[in-house]
$ cat model-v8.cif   # mmCIF, C-alpha atoms and all ligand atoms
data_input
loop_
_atom_site.label_atom_id
_atom_site.label_comp_id
_atom_site.auth_asym_id
_atom_site.auth_seq_id
_atom_site.Cartn_x
_atom_site.Cartn_y
_atom_site.Cartn_z
CA MET A 6 0.00 0.00 0.00
CA ILE A 7 1.27 3.46 -0.91
CA LYS A 8 1.01 5.87 1.99
CA THR A 9 1.97 9.54 2.38
CA ILE A 10 3.77 10.28 5.65
CA SER A 11 5.65 13.23 7.11
CA VAL A 12 9.43 13.10 6.98
CA GLN A 13 9.44 13.04 10.82
CA GLN A 14 7.69 9.65 10.67
CA LEU A 15 10.34 8.17 8.40
CA LYS A 16 12.36 5.34 9.94
CA VAL A 17 14.82 2.67 9.00
CA GLY A 18 13.15 -0.29 7.29
CA MET A 19 10.61 1.78 5.36
CA TYR A 20 10.56 1.59 1.56
CA ILE A 21 10.45 4.99 -0.18
CA GLU A 22 8.23 4.96 -3.24
CA ASP A 23 8.33 8.66 -4.06
CA LEU A 24 10.26 11.56 -2.57
CA GLY A 25 7.36 13.88 -3.38
CA MET A 26 9.51 16.17 -5.49
CA SER A 27 10.50 16.28 -9.12
CA TRP A 28 13.42 14.17 -10.32
CA LEU A 29 14.88 17.47 -11.54
CA ASN A 30 15.01 18.83 -8.00
CA HIS A 31 16.03 16.02 -5.67
CA PRO A 32 19.68 15.17 -5.07
CA PHE A 33 19.49 11.36 -5.14
CA LEU A 34 20.27 9.15 -8.10
CA ARG A 35 17.46 6.75 -7.24
CA THR A 36 14.15 7.52 -5.60
CA ARG A 37 12.73 4.07 -4.82
CA ARG A 38 14.73 2.39 -2.09
CA LEU A 39 14.74 0.77 1.32
CA ILE A 40 15.95 3.06 4.09
CA LYS A 41 18.89 1.34 5.72
CA SER A 42 20.36 3.95 8.04
CA ASP A 43 19.65 7.09 10.02
CA GLN A 44 22.21 8.89 7.86
CA GLU A 45 19.92 8.46 4.85
CA ILE A 46 17.00 9.94 6.81
CA LYS A 47 19.19 12.90 7.83
CA LYS A 48 20.14 13.52 4.19
CA ILE A 49 16.46 13.51 3.19
CA GLU A 50 15.60 15.90 6.05
CA GLN A 51 18.47 18.21 5.04
CA HIS A 52 16.94 18.66 1.62
CA GLY A 53 13.79 20.21 3.06
CA LEU A 54 11.29 17.51 2.12
CA LEU A 55 8.08 17.70 4.13
CA SER A 56 6.19 14.57 3.11
CA ILE A 57 7.15 11.37 1.40
CA LYS A 58 5.35 8.35 -0.08
CA ILE A 59 6.22 4.91 1.33
CA ASN A 60 5.28 1.46 0.08
CA THR A 61 4.21 -0.69 3.03
CA ALA A 62 4.21 -3.84 0.87
CA LYS A 63 7.97 -3.52 0.46
CA GLY A 64 8.94 -2.07 3.86
CA ASP A 65 7.79 -1.15 7.33
CA ASP A 66 4.65 0.85 8.04
CA VAL A 67 4.37 3.81 10.42
CA ASP A 68 3.91 3.06 14.11
CA PRO A 69 0.26 2.63 15.12
CA PRO A 70 -1.42 5.81 16.51
CA GLY A 71 -0.81 6.40 20.22
CA ASP A 72 2.22 4.18 20.26
CA GLY A 73 4.28 7.13 21.47
CA ARG A 74 7.58 5.53 20.63
CA ALA A 75 10.40 7.72 19.46
CA ARG A 76 12.03 6.94 16.13
CA PRO A 77 14.08 3.81 16.77
CA GLN A 78 17.82 4.04 16.47
CA ALA A 79 18.85 2.19 13.39
CA MET A 80 21.95 0.10 13.15
CA ILE A 81 23.38 0.56 16.64
CA LEU A 82 26.90 -0.58 16.04
CA SER A 83 29.19 -2.02 18.63
CA PRO A 84 32.83 -0.82 18.60
CA ALA A 85 33.83 -4.20 17.24
CA GLU A 86 31.45 -3.78 14.35
CA PRO A 87 32.60 -0.73 12.37
CA GLN A 88 30.12 0.84 10.00
CA SER A 89 30.56 -0.22 6.42
CA GLU A 90 31.88 2.48 4.08
CA THR A 91 30.26 0.87 1.06
CA ILE A 92 28.20 3.40 -0.84
CA GLU A 93 24.95 2.16 -2.27
CA PRO A 94 24.14 3.52 -5.77
CA GLU A 95 20.92 5.10 -4.55
CA GLU A 96 22.85 7.13 -1.97
CA LEU A 97 24.91 8.90 -4.61
CA THR A 98 24.40 12.63 -4.20
CA SER A 99 26.32 15.44 -5.89
CA GLU A 100 28.80 15.57 -3.00
CA ILE A 101 29.53 11.83 -3.03
CA LEU A 102 29.77 11.81 -6.83
CA SER A 103 32.39 14.57 -6.64
CA ALA A 104 34.41 12.64 -4.09
CA LEU A 105 34.33 9.57 -6.34
CA ALA A 106 35.27 11.54 -9.45
CA ASP A 107 37.62 10.06 -12.01
CA THR A 108 38.00 6.77 -10.21
CA VAL A 109 38.67 4.94 -13.48
CA SER A 110 40.74 5.63 -16.59
CA VAL A 111 39.37 6.34 -20.07
CA GLN A 112 40.20 2.84 -21.26
CA ASP A 113 38.45 1.29 -18.24
CA GLU A 114 35.34 3.43 -18.76
CA ILE A 115 35.06 3.38 -22.54
CA ALA A 116 33.17 0.06 -22.80
CA GLN A 117 30.67 1.07 -20.11
CA ALA A 118 30.34 4.56 -21.65
CA THR A 119 29.67 2.95 -25.06
CA ARG A 120 26.87 0.82 -23.59
CA VAL A 121 25.28 3.80 -21.79
CA TYR A 122 25.61 6.03 -24.88
CA ASN A 123 24.17 3.46 -27.29
CA GLU A 124 21.20 2.71 -25.03
CA PHE A 125 20.50 6.41 -24.61
CA LEU A 126 20.80 6.98 -28.35
CA ASN A 127 18.41 4.13 -29.20
CA ARG A 128 15.82 5.15 -26.65
CA THR A 129 16.04 8.84 -27.66
CA GLY A 130 15.41 7.90 -31.29
CA ILE A 131 12.21 6.09 -30.30
CA PHE A 132 11.23 8.83 -27.84
CA PHE A 133 11.67 11.63 -30.40
CA SER A 134 9.61 9.79 -33.01
CA GLN A 135 6.81 9.36 -30.44
CA VAL A 136 6.91 13.06 -29.51
CA GLN A 137 6.80 13.88 -33.22
CA ILE A 138 3.46 12.11 -33.53
CA GLY A 139 2.03 13.93 -30.52
CA LYS A 140 2.97 11.87 -27.44
CA PRO A 141 3.47 14.22 -24.47
CA ILE A 142 7.00 14.62 -23.12
CA ASN A 143 7.47 12.53 -19.97
CA LEU A 144 10.70 13.14 -18.07
CA ALA A 145 10.45 9.67 -16.52
CA ASP A 146 11.28 8.27 -19.99
CA VAL A 147 14.72 9.86 -19.97
CA ALA A 148 15.52 10.19 -16.26
CA SER A 149 17.37 6.92 -15.69
CA ASP A 150 19.36 7.24 -18.94
CA LEU A 151 20.50 10.76 -18.05
CA ASP A 152 21.47 9.60 -14.54
CA GLU A 153 23.55 6.81 -16.14
CA LEU A 154 25.32 9.38 -18.33
CA ILE A 155 26.04 11.50 -15.24
CA GLN A 156 27.51 8.51 -13.39
CA SER A 157 29.76 7.67 -16.36
CA ILE A 158 31.01 11.28 -16.55
CA PHE A 159 31.82 11.19 -12.83
CA ARG A 160 33.71 7.89 -13.14
CA ASN A 161 35.80 9.42 -15.93
CA ARG A 162 35.39 12.95 -17.29
CA TYR A 163 36.73 12.23 -20.79
CA ALA A 164 35.36 8.86 -21.95
CA LEU A 165 31.76 9.74 -22.82
CA SER A 166 32.55 13.06 -24.53
CA ALA A 167 35.29 11.32 -26.55
CA LEU A 168 32.78 8.74 -27.66
CA VAL A 169 30.39 11.25 -29.22
CA LYS A 170 33.09 12.21 -31.73
CA LEU A 171 34.23 8.66 -32.42
CA LYS A 172 30.99 7.54 -33.96
CA THR A 173 29.01 8.96 -36.82
CA PHE A 174 25.34 8.37 -37.43
CA ASP A 175 23.05 9.24 -40.29
CA GLU A 176 20.26 10.70 -38.23
CA TYR A 177 21.65 14.10 -37.21
CA THR A 178 18.78 15.61 -35.23
CA TYR A 179 18.43 13.17 -32.37
CA THR A 180 22.10 12.12 -32.42
CA HIS A 181 22.98 15.81 -32.12
CA SER A 182 20.56 16.17 -29.19
CA VAL A 183 22.12 13.18 -27.42
CA ASN A 184 25.63 14.51 -28.10
CA VAL A 185 24.74 17.98 -26.83
CA SER A 186 23.42 16.34 -23.63
CA VAL A 187 26.68 14.42 -23.15
CA LEU A 188 28.86 17.47 -23.84
CA ALA A 189 26.76 19.85 -21.71
CA LEU A 190 26.78 17.34 -18.82
CA THR A 191 30.56 17.00 -19.20
CA LEU A 192 31.01 20.78 -18.99
CA GLY A 193 28.45 21.03 -16.16
CA ARG A 194 30.32 18.39 -14.18
CA PHE A 195 33.58 20.29 -14.81
CA LEU A 196 31.89 23.45 -13.45
CA ASP A 197 30.82 21.51 -10.30
CA PHE A 198 27.10 21.83 -10.96
CA PRO A 199 25.06 20.03 -8.25
CA LEU A 200 23.05 16.99 -9.35
CA PRO A 201 19.68 18.81 -9.79
CA LYS A 202 21.33 21.47 -11.99
CA LEU A 203 23.16 18.81 -13.99
CA ARG A 204 19.86 17.09 -14.65
CA ALA A 205 18.29 20.36 -15.79
CA VAL A 206 21.21 20.87 -18.19
CA GLY A 207 20.94 17.29 -19.48
CA VAL A 208 17.18 17.58 -20.10
CA GLY A 209 17.48 21.11 -21.56
CA ALA A 210 20.23 19.93 -23.91
CA LEU A 211 18.25 16.88 -25.01
CA PHE A 212 15.21 18.96 -25.94
CA HIS A 213 16.87 22.24 -27.00
CA ASP A 214 16.05 21.76 -30.70
CA LEU A 215 12.76 19.89 -30.30
CA GLY A 216 10.91 22.87 -31.83
CA LYS A 217 12.64 22.17 -35.16
CA MET A 218 10.14 19.35 -35.62
CA ALA A 219 7.52 22.02 -36.34
CA ILE A 220 9.64 23.75 -39.00
CA PRO A 221 9.48 22.54 -42.62
CA GLU A 222 12.19 19.98 -43.34
CA LYS A 223 13.13 21.71 -46.59
CA ILE A 224 14.30 24.69 -44.50
CA ILE A 225 16.03 22.60 -41.80
CA ASN A 226 17.95 20.55 -44.38
CA LYS A 227 18.49 23.24 -47.02
CA PRO A 228 21.92 22.64 -48.54
CA GLY A 229 22.61 26.32 -49.24
CA PRO A 230 22.39 29.56 -47.27
CA LEU A 231 18.98 30.53 -45.87
CA ASN A 232 17.15 33.62 -47.15
CA MET A 233 15.76 36.15 -44.65
CA GLU A 234 12.31 34.57 -44.57
CA GLU A 235 13.73 31.07 -43.96
CA PHE A 236 16.06 32.38 -41.27
CA LYS A 237 13.11 34.01 -39.50
CA GLU A 238 11.35 30.65 -39.60
CA ILE A 239 14.41 28.87 -38.11
CA GLN A 240 14.63 31.50 -35.39
CA LYS A 241 11.26 30.35 -34.07
CA HIS A 242 12.62 26.97 -32.95
CA PRO A 243 13.91 27.95 -29.44
CA TYR A 244 10.48 29.36 -28.65
CA LEU A 245 8.75 26.26 -30.07
CA SER A 246 11.04 23.98 -28.02
CA ALA A 247 10.28 26.00 -24.87
CA LYS A 248 6.55 25.83 -25.59
CA LEU A 249 6.62 22.03 -25.91
CA LEU A 250 8.53 21.78 -22.63
CA LYS A 251 6.17 24.20 -20.88
CA ASN A 252 3.26 21.94 -21.75
CA ALA A 253 4.99 18.90 -20.24
CA ASP A 254 4.58 17.85 -16.60
CA HIS A 255 7.25 18.55 -13.97
CA VAL A 256 9.55 20.50 -16.28
CA SER A 257 11.28 23.31 -14.38
CA ARG A 258 11.74 26.92 -15.46
CA GLU A 259 15.51 26.30 -15.71
CA VAL A 260 14.96 23.58 -18.34
CA ILE A 261 12.57 25.78 -20.33
CA GLU A 262 15.11 28.63 -20.25
CA CYS A 263 17.81 26.26 -21.57
CA ALA A 264 15.73 25.66 -24.69
CA LEU A 265 14.55 29.25 -25.05
CA PHE A 266 17.99 30.86 -24.73
CA HIS A 267 20.38 28.37 -26.36
CA HIS A 268 20.89 30.70 -29.36
CA GLU A 269 21.59 33.81 -27.29
CA ARG A 270 25.18 35.00 -27.64
CA TYR A 271 27.51 36.65 -25.13
CA GLY A 272 27.82 39.89 -27.15
CA GLY A 273 24.06 40.25 -27.52
CA GLN A 274 23.81 39.25 -31.19
CA GLY A 275 21.83 36.07 -30.57
CA TYR A 276 18.10 35.35 -30.57
CA PRO A 277 15.22 35.37 -29.58
CA ARG A 278 15.81 38.21 -27.10
CA GLY A 279 19.32 39.50 -27.82
CA LEU A 280 20.35 38.90 -24.20
CA LYS A 281 23.95 39.75 -23.26
CA ALA A 282 26.61 38.20 -21.02
CA ASN A 283 25.22 37.25 -17.60
CA GLU A 284 21.67 38.01 -18.68
CA ILE A 285 21.85 34.58 -20.36
CA PRO A 286 21.26 31.82 -17.79
CA LEU A 287 24.46 29.83 -17.17
CA ALA A 288 22.80 26.50 -18.03
CA ALA A 289 21.72 27.91 -21.42
CA GLN A 290 25.28 29.16 -22.06
CA VAL A 291 26.65 25.69 -21.31
CA ILE A 292 24.19 24.18 -23.80
CA SER A 293 25.03 26.72 -26.50
CA LEU A 294 28.74 25.83 -26.21
CA ALA A 295 27.94 22.12 -26.45
CA ASP A 296 25.55 22.79 -29.35
CA VAL A 297 28.09 24.77 -31.39
CA TYR A 298 30.93 22.31 -30.65
CA ASP A 299 28.88 19.30 -31.78
CA ALA A 300 27.48 21.07 -34.85
CA MET A 301 30.93 22.21 -36.03
CA THR A 302 32.50 18.78 -35.50
CA SER A 303 29.69 16.99 -37.42
CA ASP A 304 29.18 16.60 -41.17
CA ARG A 305 26.17 18.61 -42.33
CA ILE A 306 24.39 18.81 -45.67
CA TYR A 307 25.85 22.26 -46.33
CA ARG A 308 29.43 21.76 -45.03
CA LYS A 309 32.04 19.23 -43.93
CA LYS A 310 32.95 18.72 -40.29
CA ILE A 311 35.89 20.50 -38.66
CA SER A 312 38.31 18.66 -36.34
CA PRO A 313 37.63 18.95 -32.57
CA HIS A 314 40.97 20.73 -32.04
CA GLU A 315 40.28 23.29 -34.79
CA THR A 316 36.69 23.75 -33.56
CA LEU A 317 37.93 24.58 -30.06
CA ARG A 318 40.48 27.00 -31.55
CA ILE A 319 37.74 28.80 -33.53
CA MET A 320 35.42 28.89 -30.51
CA TYR A 321 38.23 30.23 -28.32
CA ALA A 322 38.93 32.93 -30.91
CA GLY A 323 35.24 33.89 -30.70
CA ARG A 324 35.28 34.30 -26.92
CA ALA A 325 33.75 37.50 -25.51
CA VAL A 326 31.80 37.91 -28.76
CA GLN A 327 30.03 34.57 -29.09
CA PHE A 328 30.71 33.06 -25.66
CA ASP A 329 31.74 33.90 -22.11
CA PRO A 330 35.58 33.76 -22.20
CA ALA A 331 35.82 31.82 -18.92
CA LEU A 332 33.29 29.25 -20.13
CA VAL A 333 35.13 28.64 -23.42
CA ALA A 334 38.38 28.23 -21.47
CA ASN A 335 36.62 25.65 -19.28
CA LEU A 336 35.31 23.83 -22.34
CA VAL A 337 38.88 23.52 -23.63
CA LYS A 338 40.03 22.30 -20.22
CA CYS A 339 37.30 19.68 -19.99
CA LEU A 340 37.67 18.33 -23.54
CA GLY A 341 41.44 18.83 -23.84
CA VAL A 342 43.42 21.05 -26.22
CA TYR A 343 43.75 17.89 -28.31
CA PRO A 344 40.47 16.06 -27.60
CA ILE A 345 40.52 12.26 -27.49
CA GLY A 346 40.40 10.86 -31.03
CA SER A 347 42.47 13.77 -32.48
CA LEU A 348 45.19 12.79 -34.95
CA VAL A 349 48.32 14.77 -34.10
CA LYS A 350 51.47 15.37 -36.15
CA LEU A 351 54.77 15.14 -34.26
CA ASN A 352 58.07 16.97 -34.76
CA THR A 353 59.60 13.61 -35.71
CA GLY A 354 57.31 13.29 -38.72
CA GLU A 355 55.31 10.56 -36.95
CA MET A 356 51.59 10.71 -36.30
CA GLY A 357 49.70 9.85 -33.15
CA LEU A 358 46.11 9.36 -32.10
CA VAL A 359 45.13 10.97 -28.77
CA VAL A 360 43.76 8.28 -26.45
CA ASP A 361 43.88 9.92 -23.00
CA ILE A 362 44.35 13.36 -21.46
CA ASP A 363 46.18 14.53 -18.35
CA SER A 364 43.92 17.27 -16.98
CA TYR A 365 46.99 18.97 -15.43
CA ASP A 366 48.97 18.97 -18.69
CA LEU A 367 46.62 19.44 -21.62
CA MET A 368 49.42 20.06 -24.12
CA HIS A 369 50.90 16.58 -23.62
CA PRO A 370 48.23 13.89 -24.02
CA LYS A 371 48.73 10.14 -24.17
CA ILE A 372 48.84 9.00 -27.80
CA ILE A 373 49.06 5.86 -29.89
CA LEU A 374 51.98 6.26 -32.28
CA ILE A 375 50.98 5.17 -35.74
CA ASN A 376 54.24 3.91 -37.17
CA GLY A 377 53.05 2.01 -40.16
CA SER A 378 51.36 -1.16 -41.26
CA ASP A 379 52.21 -4.82 -41.44
CA ALA A 380 51.93 -6.90 -44.62
CA SER A 381 48.16 -7.21 -44.19
CA GLY A 382 47.79 -3.43 -43.85
CA ARG A 383 47.06 -3.61 -40.11
CA HIS A 384 48.36 -0.63 -38.13
CA LEU A 385 51.01 -1.37 -35.51
CA PRO A 386 50.26 0.83 -32.52
CA GLN A 387 52.62 1.90 -29.75
CA VAL A 388 51.38 3.92 -26.76
CA LEU A 389 53.34 7.00 -25.67
CA ASP A 390 52.63 9.36 -22.77
CA LEU A 391 53.85 12.76 -24.00
CA ALA A 392 53.51 14.27 -20.50
CA ARG A 393 55.83 11.72 -18.93
CA GLN A 394 58.27 11.93 -21.79
CA SER A 395 58.45 15.74 -21.64
CA GLU A 396 59.77 15.58 -18.05
CA GLU A 397 62.90 13.82 -19.31
CA LYS A 398 63.85 16.91 -21.40
CA SER A 399 65.64 14.70 -23.86
CA LYS A 400 66.77 16.06 -27.22
CA ASN A 401 64.68 13.37 -28.81
CA THR A 402 61.49 14.44 -27.06
CA ARG A 403 58.50 14.14 -29.32
CA ARG A 404 56.33 17.25 -29.58
CA ILE A 405 52.97 17.92 -31.20
CA VAL A 406 53.35 20.32 -34.13
CA GLY A 407 49.90 20.10 -35.67
CA VAL A 408 46.72 18.10 -36.22
CA ASP A 409 45.36 16.29 -39.22
CA ALA A 410 42.09 14.65 -40.23
CA PRO A 411 42.06 10.90 -39.45
CA GLU A 412 39.91 10.29 -42.56
CA LYS A 413 42.66 11.70 -44.76
CA TRP A 414 44.90 8.81 -43.66
CA ASN A 415 42.12 6.25 -43.62
CA ILE A 416 42.40 5.97 -39.85
CA ASP A 417 39.33 5.20 -37.78
CA PRO A 418 39.92 6.51 -34.22
CA ALA A 419 37.04 4.35 -32.94
CA LYS A 420 38.93 1.23 -34.00
CA TYR A 421 41.83 2.16 -31.75
CA LEU A 422 39.81 3.36 -28.79
CA LEU A 423 36.98 0.87 -28.79
CA ASN A 424 38.44 -2.32 -30.20
CA GLU A 425 42.21 -2.18 -30.10
CA PRO A 426 43.40 -4.76 -27.58
CA SER A 427 46.93 -3.33 -27.50
CA PHE A 428 45.49 0.02 -26.34
CA THR A 429 43.90 -1.65 -23.35
CA ALA A 430 47.03 -3.71 -22.69
CA CYS A 431 49.45 -0.78 -23.05
CA CYS A 432 47.44 1.90 -21.29
CA SER A 433 46.00 0.12 -18.29
CA GLY A 434 47.45 1.00 -14.91
FE FE B 1 19.05 25.34 -31.94
#

$ encode --input "model-v8.cif" --output "structure tokens" --more "lines below"
Ligand SMILES: [Fe+2]
Amino acid sequence: MIKTISVQQLKVGMYIEDLGMSWLNHPFLRTRRLIKSDQEIKKIEQHGLLSIKINTAKGDDVDPPGDGRARPQAMILSPAEPQSETIEPEELTSEILSALADTVSVQDEIAQATRVYNEFLNRTGIFFSQVQIGKPINLADVASDLDELIQSIFRNRYALSALVKLKTFDEYTYTHSVNVSVLALTLGRFLDFPLPKLRAVGVGALFHDLGKMAIPEKIINKPGPLNMEEFKEIQKHPYLSAKLLKNADHVSREVIECALFHHERYGGQGYPRGLKANEIPLAAQVISLADVYDAMTSDRIYRKKISPHETLRIMYAGRAVQFDPALVANLVKCLGVYPIGSLVKLNTGEMGLVVDIDSYDLMHPKIILINGSDASGRHLPQVLDLARQSEEKSKNTRRIVGVDAPEKWNIDPAKYLLNEPSFTACCSG
């Protein structure tokens, strides 16, 4: 039986069915759970919840009226029985996630990140097609996927964002929305956003272009430049996205603002309102950076993609006009000067593929040296940590002198990062 109780009545052994607040606002990664300790109750109390729904079929009920007993002490531990430090997944709050940050390397996270990304991509494709035929937006349909993305980004800050540039898909619109979510969450995590704000950014990013569904496809996919009338039509899409979100249940103002203001620009030249600098909500600014980065690094009908390194250089050059300078600098820090998957040219004439980044030394990533091929044409990789090598100050130190397009050399970065056993063998530990 589902029963609403006050938070003061909550005790160990009860099963929480619903925290009574939106997924966007509460700080826990899972709502439904059995209360196992007084610490959990304290955390719930600290977040200002007044009432809560419990499921008495799965846990204890409230004490009968007139019982008069105080809340029992849970888990009274003897000195010989130290409290376990194991953290249950449902206990993960923003603070605990931060403490656990970057506990695994890129190569240890990449398989898990691939699974999470692919599942999210598949479900978003289905979800978007349902919304297109009139199904109302339901945040519950995306909540657990977005929480999985967030957990992956906290285990390793680089793996998931690297993945979005390693794969190419035909269907731009929803793949772009998924990628913007991943990139905006990555930047949000770098900026230490708390869990509720991260969720708002993830949802806002996922739905930022939803309004394009209402704009004629011939305008959206026009191969040439848009005329004034077409551009005016395109400019309606942030408002249309915001309208769709406003009509959905439990969507916060912050999420709606993400969609409405994702084309505003720092210097005031954006739309729909021409907001400037800090007038643009921070979450919307994060999404606009992610949006521009993904768009520039993707093939479009009207132009070819630009490399991640070159894209960041162009975006950095546009700081203070297009974007907040500090935010662009943070985007570079969180993706790397040479983002994972970049093909770099070395002073020795060799080429290397960036496979990991040292967040304290962005100029010297870990690369796979691409020396050549064997008789069957298979590349022979060798892993080199440029940061470690640079400390030796040897005359023979390899340095990055430029970047090149992997396609030009028929190199598939995904092959090295996702399937190359020698990468895992060489880079682990
Ligand atoms: Fe847009």

$ residues_near_ligand --input "model-v8.cif" --ligand "ligand FE 1 (chain B)" --cutoff "9 Å" --atoms "only C-alpha atoms and all ligand atoms" --output "ChimeraX atom specification"
/A:213-217,239-240,242-243,264,267-268,293,296

$ residues_around --input "model-v8.cif" --residues "range 118-127 of chain A" --least-positions-apart "3" --cutoff "12 Å" --atoms "only C-alpha atoms" --output "number ranges by chain"
A: 109-115, 130-134, 146-174, 176-188, 211, 419, 422-424

$ residues_around --input "model-v8.cif" --residues "Ile261 in chain A" --least-positions-apart "2" --cutoff "12 Å" --atoms "all atoms listed in the file" --output "PyMOL selection string"
chain A and resi 205-216+243-259+263-267+286+288-289

$ write_last_selection --input "model-v8.cif" --atoms "C-alpha atoms" --output "JSON list (two decimals), in the frame of the given file"
[["chain", "number", "residue", "atom", "x", "y", "z"],
["A", 205, "ALA", "CA", 18.29, 20.36, -15.79],
["A", 206, "VAL", "CA", 21.21, 20.87, -18.19],
["A", 207, "GLY", "CA", 20.94, 17.29, -19.48],
["A", 208, "VAL", "CA", 17.18, 17.58, -20.10],
["A", 209, "GLY", "CA", 17.48, 21.11, -21.56],
["A", 210, "ALA", "CA", 20.23, 19.93, -23.91],
["A", 211, "LEU", "CA", 18.25, 16.88, -25.01],
["A", 212, "PHE", "CA", 15.21, 18.96, -25.94],
["A", 213, "HIS", "CA", 16.87, 22.24, -27.00],
["A", 214, "ASP", "CA", 16.05, 21.76, -30.70],
["A", 215, "LEU", "CA", 12.76, 19.89, -30.30],
["A", 216, "GLY", "CA", 10.91, 22.87, -31.83],
["A", 243, "PRO", "CA", 13.91, 27.95, -29.44],
["A", 244, "TYR", "CA", 10.48, 29.36, -28.65],
["A", 245, "LEU", "CA", 8.75, 26.26, -30.07],
["A", 246, "SER", "CA", 11.04, 23.98, -28.02],
["A", 247, "ALA", "CA", 10.28, 26.00, -24.87],
["A", 248, "LYS", "CA", 6.55, 25.83, -25.59],
["A", 249, "LEU", "CA", 6.62, 22.03, -25.91],
["A", 250, "LEU", "CA", 8.53, 21.78, -22.63],
["A", 251, "LYS", "CA", 6.17, 24.20, -20.88],
["A", 252, "ASN", "CA", 3.26, 21.94, -21.75],
["A", 253, "ALA", "CA", 4.99, 18.90, -20.24],
["A", 254, "ASP", "CA", 4.58, 17.85, -16.60],
["A", 255, "HIS", "CA", 7.25, 18.55, -13.97],
["A", 256, "VAL", "CA", 9.55, 20.50, -16.28],
["A", 257, "SER", "CA", 11.28, 23.31, -14.38],
["A", 258, "ARG", "CA", 11.74, 26.92, -15.46],
["A", 259, "GLU", "CA", 15.51, 26.30, -15.71],
["A", 263, "CYS", "CA", 17.81, 26.26, -21.57],
["A", 264, "ALA", "CA", 15.73, 25.66, -24.69],
["A", 265, "LEU", "CA", 14.55, 29.25, -25.05],
["A", 266, "PHE", "CA", 17.99, 30.86, -24.73],
["A", 267, "HIS", "CA", 20.38, 28.37, -26.36],
["A", 286, "PRO", "CA", 21.26, 31.82, -17.79],
["A", 288, "ALA", "CA", 22.80, 26.50, -18.03],
["A", 289, "ALA", "CA", 21.72, 27.91, -21.42]]

$ residues_near_point --input "model-v8.cif" --point "(49.1, 20.4, -15.9)" --cutoff "12 Å" --atoms "only C-alpha atoms" --output "list of chain:residue names"
A:Lys338, A:Gly341, A:Val342, A:Ile362, A:Asp363, A:Ser364, A:Tyr365, A:Asp366, A:Leu367, A:Met368, A:His369, A:Pro370, A:Ala392, A:Arg393, A:Ser395, A:Glu396

$ atom_distance --input "model-v8.cif" --atom1 "CA of Arg128 in chain A" --atom2 "CA of Tyr307 in chain A"
27.9 Å

$ residues_around --input "model-v8.cif" --residues "Asp23 in chain A" --least-positions-apart "2" --cutoff "9 Å" --atoms "all atoms listed in the file" --output "PyMOL selection string"
chain A and resi 21+25-26+36-37+57-60

$ atom_distance --input "model-v8.cif" --atom1 "CA of Tyr343 in chain A" --atom2 "CA of Glu315 in chain A"
9.1 Å

$ atom_distance --input "model-v8.cif" --atom1 "CA of Val359 in chain A" --atom2 "CA of Gln290 in chain A"
27.7 Å

$ closest_residue --input "model-v8.cif" --among "A:Asn415, A:Asn335, A:Ser42, A:Ser11" --to "Gly193 in chain A" --atoms "all atoms listed in the file"
A:Asn335

$ residues_near_point --input "model-v8.cif" --point "(18.4, 23.1, -43.7)" --cutoff "10 Å" --atoms "all atoms listed in the file" --output "PyMOL selection string"
chain A and resi 220-231+235-236+239+305-307

$ write_last_selection --input "model-v8.cif" --atoms "C-alpha atoms" --output "tab-separated table (two decimals), in the coordinates of the input"
chain	number	residue	atom	x	y	z
A	220	ILE	CA	9.64	23.75	-39.00
A	221	PRO	CA	9.48	22.54	-42.62
A	222	GLU	CA	12.19	19.98	-43.34
A	223	LYS	CA	13.13	21.71	-46.59
A	224	ILE	CA	14.30	24.69	-44.50
A	225	ILE	CA	16.03	22.60	-41.80
A	226	ASN	CA	17.95	20.55	-44.38
A	227	LYS	CA	18.49	23.24	-47.02
A	228	PRO	CA	21.92	22.64	-48.54
A	229	GLY	CA	22.61	26.32	-49.24
A	230	PRO	CA	22.39	29.56	-47.27
A	231	LEU	CA	18.98	30.53	-45.87
A	235	GLU	CA	13.73	31.07	-43.96
A	236	PHE	CA	16.06	32.38	-41.27
A	239	ILE	CA	14.41	28.87	-38.11
A	305	ARG	CA	26.17	18.61	-42.33
A	306	ILE	CA	24.39	18.81	-45.67
A	307	TYR	CA	25.85	22.26	-46.33

$ closest_residue --input "model-v8.cif" --among "A:Arg318, A:Lys202, A:Lys237, A:Lys350" --to "Val291 in chain A" --atoms "all atoms listed in the file"
A:Lys202
